[in-house]
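**Student:** Here you go, query.csv (CSV, C-alpha atoms):
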```
chain,number,residue,atom,x,y,z
H,1,MET,CA,27.6,4.5,-3.6
H,2,PRO,CA,28.7,2.1,-6.3
H,3,PRO,CA,26.7,2.3,-9.5
H,4,ARG,CA,23.7,0.1,-9.8
H,5,ARG,CA,24.2,-3.2,-11.6
H,6,SER,CA,22.2,-3.3,-14.8
H,7,TYR,CA,21.2,-5.9,-17.4
H,8,ASP,CA,22.0,-3.3,-20.0
H,9,GLN,CA,19.0,-4.2,-22.1
H,10,PHE,CA,16.7,-1.8,-23.8
H,11,CYS,CA,13.6,-3.4,-22.3
H,12,SER,CA,11.2,-2.1,-19.6
H,13,ALA,CA,11.1,-5.5,-17.8
H,14,ALA,CA,14.9,-5.5,-17.7
H,15,ARG,CA,14.9,-1.9,-16.4
H,16,ALA,CA,12.4,-2.8,-13.7
H,17,LEU,CA,14.5,-5.8,-12.7
H,18,ASP,CA,17.5,-3.5,-12.5
H,19,ALA,CA,15.7,-1.8,-9.6
H,20,VAL,CA,13.8,-4.6,-7.9
H,21,GLY,CA,15.3,-7.9,-9.1
H,22,ASP,CA,17.9,-8.3,-6.3
H,23,ARG,CA,17.2,-10.7,-3.5
H,24,TRP,CA,15.1,-9.3,-0.6
H,25,THR,CA,14.1,-6.1,-2.4
H,26,LEU,CA,10.5,-7.0,-3.0
H,27,LEU,CA,10.1,-8.5,0.4
H,28,ILE,CA,11.3,-5.2,1.9
H,29,VAL,CA,8.6,-3.5,-0.1
H,30,ARG,CA,6.1,-6.0,1.3
H,31,GLU,CA,7.1,-5.0,4.8
H,32,LEU,CA,7.0,-1.3,4.1
H,33,LEU,CA,3.5,-1.5,2.8
H,34,ALA,CA,2.6,-1.5,6.5
H,35,GLY,CA,3.9,2.1,6.7
H,36,PRO,CA,7.2,3.5,8.2
H,37,ARG,CA,9.3,0.8,9.8
H,38,ARG,CA,12.5,1.0,11.8
H,39,TYR,CA,15.5,-0.9,10.7
H,40,THR,CA,15.3,-3.3,13.7
H,41,ASP,CA,11.6,-4.0,12.9
H,42,LEU,CA,12.5,-4.8,9.3
H,43,HIS,CA,15.3,-7.1,10.3
H,44,ALA,CA,13.0,-8.9,12.8
H,45,ASP,CA,10.3,-9.5,10.1
H,46,LEU,CA,12.7,-10.6,7.4
H,47,PRO,CA,14.2,-13.7,9.0
H,48,GLY,CA,17.3,-14.9,7.1
H,49,VAL,CA,18.5,-11.6,5.9
H,50,SER,CA,21.9,-10.5,7.2
H,51,THR,CA,22.3,-7.0,8.7
H,52,ASP,CA,24.8,-6.1,6.0
H,53,MET,CA,22.5,-7.3,3.2
H,54,LEU,CA,19.5,-5.4,4.6
H,55,ALA,CA,21.5,-2.2,5.0
H,56,SER,CA,22.8,-2.5,1.4
H,57,ARG,CA,19.3,-3.2,-0.1
H,58,LEU,CA,17.8,-0.2,1.8
H,59,LYS,CA,20.6,2.1,0.4
H,60,ASP,CA,19.9,0.8,-3.1
H,61,MET,CA,16.2,1.3,-2.7
H,62,GLU,CA,16.7,4.9,-1.4
H,63,ARG,CA,19.1,5.6,-4.3
H,64,ASP,CA,16.5,4.3,-6.8
H,65,GLY,CA,13.7,6.4,-5.4
H,66,LEU,CA,11.7,3.5,-3.9
H,67,THR,CA,12.2,4.4,-0.3
H,68,THR,CA,13.1,7.4,1.9
H,69,ARG,CA,14.7,7.5,5.3
H,70,ARG,CA,13.7,10.1,8.0
H,71,ARG,CA,14.0,10.7,11.7
H,72,LEU,CA,11.0,10.6,13.9
H,73,PRO,CA,10.4,13.6,16.2
H,74,PRO,CA,10.9,13.1,20.0
H,75,PRO,CA,10.1,11.1,21.9
H,76,GLY,CA,10.6,8.6,19.1
H,77,ALA,CA,13.9,9.9,17.9
H,78,ALA,CA,14.5,6.9,15.6
H,79,HIS,CA,15.1,6.6,11.9
H,80,VAL,CA,12.4,5.0,9.9
H,81,TYR,CA,12.2,3.8,6.3
H,82,GLU,CA,9.0,4.3,4.1
H,83,LEU,CA,8.0,3.8,0.6
H,84,THR,CA,7.9,6.7,-1.9
H,85,PRO,CA,4.9,6.9,-4.3
H,86,ARG,CA,7.1,5.2,-6.8
H,87,GLY,CA,7.7,2.4,-4.3
H,88,ARG,CA,4.0,2.0,-3.6
H,89,GLU,CA,3.4,1.5,-7.3
H,90,LEU,CA,4.9,-2.0,-6.7
H,91,LEU,CA,1.8,-3.1,-4.8
H,92,PRO,CA,0.1,-4.6,-7.9
H,93,VAL,CA,3.4,-6.3,-8.8
H,94,LEU,CA,3.6,-8.0,-5.4
H,95,ARG,CA,-0.1,-9.0,-5.6
H,96,ALA,CA,0.4,-10.5,-9.1
H,97,LEU,CA,3.5,-12.3,-8.0
H,98,GLY,CA,1.7,-13.7,-4.9
H,99,GLU,CA,-1.2,-15.0,-7.0
H,100,TRP,CA,1.3,-16.5,-9.5
H,101,GLY,CA,3.1,-18.3,-6.7
H,102,GLN,CA,0.1,-19.4,-4.7
H,103,ALA,CA,0.2,-22.9,-6.4
H,104,ASP,CA,3.7,-23.4,-5.1
H,105,LEU,CA,2.9,-22.4,-1.5
H,106,GLY,CA,2.1,-25.9,-0.5
H,107,GLU,CA,2.1,-26.9,3.1
H,108,ARG,CA,4.3,-25.1,5.6
H,109,ARG,CA,7.7,-26.7,5.9
H,110,PRO,CA,9.5,-27.1,9.3
H,111,THR,CA,12.1,-24.6,8.2
H,112,ASP,CA,9.5,-22.0,7.1
H,113,ALA,CA,9.3,-18.8,9.2
H,114,LEU,CA,5.8,-17.2,9.4
H,115,ARG,CA,4.5,-13.8,10.4
H,116,ALA,CA,0.8,-13.3,10.6
H,117,HIS,CA,0.9,-10.1,8.4
H,118,TRP,CA,2.4,-12.1,5.5
H,119,PHE,CA,-1.2,-13.2,4.9
H,120,ALA,CA,-2.3,-9.6,4.3
H,121,LEU,CA,-2.0,-9.6,0.5
H,122,PRO,CA,-3.8,-13.0,0.0
H,123,LEU,CA,-6.6,-11.9,2.4
H,124,LEU,CA,-6.9,-8.6,0.5
H,125,ARG,CA,-7.6,-10.5,-2.7
H,126,ALA,CA,-10.0,-12.9,-0.9
H,127,LEU,CA,-11.9,-10.0,0.7
H,128,GLU,CA,-12.3,-8.3,-2.7
H,129,GLU,CA,-13.6,-11.5,-4.2
H,130,THR,CA,-16.4,-11.5,-1.6
H,131,GLY,CA,-17.3,-7.9,-2.6
H,132,VAL,CA,-15.7,-6.2,0.3
H,133,GLU,CA,-13.6,-3.4,-1.2
H,134,SER,CA,-13.3,-0.8,1.6
H,135,GLY,CA,-13.1,-0.7,5.3
H,136,LEU,CA,-10.8,-1.5,8.2
H,137,ILE,CA,-10.6,-5.3,8.8
H,138,GLU,CA,-9.0,-6.8,11.9
H,139,VAL,CA,-7.6,-10.3,11.6
H,140,HIS,CA,-6.9,-12.7,14.5
H,141,LEU,CA,-4.6,-15.7,13.9
H,142,ASP,CA,-2.8,-18.0,16.4
H,143,GLU,CA,0.5,-16.4,15.2
H,144,GLY,CA,-0.7,-12.9,15.9
H,145,ASP,CA,-3.1,-10.1,14.9
H,146,PHE,CA,-3.0,-7.6,12.0
H,147,HIS,CA,-5.3,-5.3,10.3
H,148,LEU,CA,-6.1,-4.4,6.7
H,149,HIS,CA,-7.0,-1.0,5.2
H,150,LEU,CA,-9.2,-1.8,2.1
H,151,GLY,CA,-9.8,0.9,-0.4
H,152,GLU,CA,-7.1,3.3,0.9
H,153,ALA,CA,-5.6,5.3,-2.0
H,154,GLU,CA,-2.7,6.3,0.2
H,155,GLY,CA,-1.3,5.3,3.6
H,156,PRO,CA,-0.4,1.8,4.9
H,157,LEU,CA,-2.1,-1.2,3.4
H,158,TYR,CA,-1.9,-3.1,6.6
H,159,GLY,CA,-0.5,-2.9,10.1
H,160,CYS,CA,0.6,-5.4,12.8
H,161,GLY,CA,-1.5,-5.8,15.9
H,162,SER,CA,-5.1,-4.7,16.6
H,163,ALA,CA,-6.8,-2.1,14.5
H,164,PRO,CA,-6.1,1.5,15.6
H,165,GLU,CA,-9.9,2.2,15.8
H,166,GLU,CA,-13.1,0.2,15.8
H,167,PRO,CA,-12.9,-2.0,12.7
H,168,ASP,CA,-15.6,-2.6,10.2
H,169,ALA,CA,-15.2,-6.3,10.7
H,170,ARG,CA,-13.1,-8.8,12.7
H,171,LEU,CA,-12.1,-12.1,11.4
H,172,ALA,CA,-10.9,-15.0,13.5
H,173,LEU,CA,-9.3,-18.1,11.9
H,174,ASP,CA,-6.4,-20.4,12.1
H,175,SER,CA,-3.3,-20.4,10.0
H,176,GLY,CA,-4.3,-23.6,8.2
H,177,THR,CA,-7.5,-21.9,6.9
H,178,CYS,CA,-5.6,-18.8,6.1
H,179,ALA,CA,-3.0,-20.8,4.1
H,180,ALA,CA,-5.8,-22.6,2.2
H,181,VAL,CA,-7.2,-19.2,1.2
H,182,ALA,CA,-3.8,-18.0,0.3
H,183,ARG,CA,-3.3,-21.1,-2.0
H,184,GLY,CA,-6.6,-20.4,-3.7
H,185,GLU,CA,-8.0,-23.7,-2.5
H,186,LEU,CA,-10.7,-22.2,-0.3
H,187,GLY,CA,-12.8,-19.1,-0.9
H,188,LEU,CA,-13.3,-16.8,2.0
H,189,ALA,CA,-17.1,-16.9,1.6
H,190,ASP,CA,-16.9,-20.8,1.7
H,191,ALA,CA,-14.7,-20.5,4.8
H,192,VAL,CA,-17.3,-18.3,6.5
H,193,ARG,CA,-20.1,-20.6,5.5
H,194,ASP,CA,-18.3,-23.6,6.9
H,195,GLY,CA,-17.5,-21.9,10.2
H,196,ARG,CA,-13.8,-21.9,9.6
H,197,VAL,CA,-13.8,-18.1,9.8
H,198,GLU,CA,-15.7,-16.3,12.6
H,199,VAL,CA,-16.9,-12.9,11.6
H,200,SER,CA,-17.9,-10.3,14.1
H,201,GLY,CA,-18.5,-6.6,14.0
H,202,ALA,CA,-21.4,-4.3,13.1
H,203,GLY,CA,-19.9,-2.5,10.0
H,204,THR,CA,-20.9,-3.0,6.4
H,205,ALA,CA,-17.9,-5.1,5.8
H,206,ALA,CA,-18.9,-7.6,8.5
H,207,LYS,CA,-22.5,-7.7,7.2
H,208,ALA,CA,-21.2,-8.3,3.6
H,209,LEU,CA,-19.0,-11.1,4.8
H,210,ARG,CA,-21.7,-12.8,6.8
H,211,GLU,CA,-24.0,-12.6,3.8
H,212,SER,CA,-21.4,-14.0,1.5
H,213,GLY,CA,-21.3,-17.2,3.6
H,214,THR,CA,-25.1,-17.8,3.4
```
Please go through the file and, once you have read it, give me the structure as structure tokens.
**Tutor:**
Amino acid sequence: MPPRRSYDQFCSAARALDAVGDRWTLLIVRELLAGPRRYTDLHADLPGVSTDMLASRLKDMERDGLTTRRRLPPPGAAHVYELTPRGRELLPVLRALGEWGQADLGERRPTDALRAHWFALPLLRALEETGVESGLIEVHLDEGDFHLHLGEAEGPLYGCGSAPEEPDARLALDSGTCAAVARGELGLADAVRDGRVEVSGAGTAAKALRESGT
């Protein structure tokens, strides 16, 4: 592979940007926080990236120790990409970047693509602000369902679709409410209180969320 481009500056921020400053890299990390993903799944959930660009970025990330590529055993028999421990260390970077950019989110533009699970990181922050720091949370949006793993030291942060087991809480809301939470305009507790988020489930997380809205 060609050598990685570098800013050639003796600065830790410059060194970090050598590895993750290229276009699409951090968004690939966002997708891989859901756990191992096939190339076709990554391409589908990164609208706008070309196949050549995605392949190039994945090779760069593997070279830099951010991802690994492995083949699933039969009957899957497909290659998947996943984050290394070094790659997972970018989670707080993505969270901070998302919080920094929330004021610029604005209203959804006609050209804006949207996947339900892109709200995972903002909802993680909002849940923690209500005091919910652990548990399996299932989220229902018009655009689709996803689930969050709060308090997990290792493993996927979120997953697409319904929770793999009985969740500690289920949240049902529309994308407008979710966007308001993501922009920091609306607290999750206030949204529950105002009936904009429907909470169901018998787990401690569901109880805490219902109590936060009273």
**Student:** Could you check which of H:Leu17, H:Cys160, H:Ala55, H:Leu186 is closest to Phe146 in chain H, using only C-alpha atoms?
**Tutor:**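 Closest to Phe146 in chain H, using only C-alpha atoms: H:Cys160.
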**Student:** Between range 84-143 of chain H and range 26-47 of chain H, at 10 Å or less, what are the per-residue closest atom pairs and their distances in Å? Count only C-alpha atoms, order by chain and rising residue number, and return it as a tab-separated table.
**Tutor:**
```
residue	atom	partner	partner_atom	distance
H:Gly87	CA	H:Val29	CA	7.3
H:Arg88	CA	H:Leu33	CA	7.3
H:Leu90	CA	H:Val29	CA	7.7
H:Leu91	CA	H:Leu33	CA	8.0
H:Val93	CA	H:Leu26	CA	9.2
H:Leu94	CA	H:Leu26	CA	7.4
H:Arg95	CA	H:Arg30	CA	9.7
H:Asp112	CA	H:Pro47	CA	9.7
H:Ala113	CA	H:Pro47	CA	7.1
H:Leu114	CA	H:Asp45	CA	8.9
H:Arg115	CA	H:Asp45	CA	7.2
H:His117	CA	H:Glu31	CA	8.8
H:Trp118	CA	H:Arg30	CA	8.3
H:Ala120	CA	H:Arg30	CA	9.6
H:Leu121	CA	H:Arg30	CA	8.9
```
**Student:** One decimal, Å: what's the distance from CA of Gly176 in chain H over to CA of Arg108 in chain H, could you say?
**Tutor:**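 So the two atoms, CA of Gly176 in chain H and CA of Arg108 in chain H, lie 9.1 Å apart.
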**Student:** For CA of Gly98 in chain H and CA of Gly21 in chain H, determine how far apart the two atoms are, in Å to one decimal place.
**Tutor:**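 Computing it gives 15.4 Å between the two atoms.
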**Student:** Residues within 8 Å of Cys178 in chain H, please, as an mmCIF file with C-alpha atoms, in the frame of the given file. Count all atoms listed in the file; anything in the same chain fewer than 5 positions from it doesn't count.
**Tutor:**
```
data_model
loop_
_atom_site.group_PDB
_atom_site.id
_atom_site.type_symbol
_atom_site.label_atom_id
_atom_site.label_comp_id
_atom_site.auth_asym_id
_atom_site.auth_seq_id
_atom_site.Cartn_x
_atom_site.Cartn_y
_atom_site.Cartn_z
ATOM 1 C CA PHE H 119 -1.200 -13.200 4.900
ATOM 2 C CA LEU H 123 -6.600 -11.900 2.400
ATOM 3 C CA LEU H 173 -9.300 -18.100 11.900
#
```
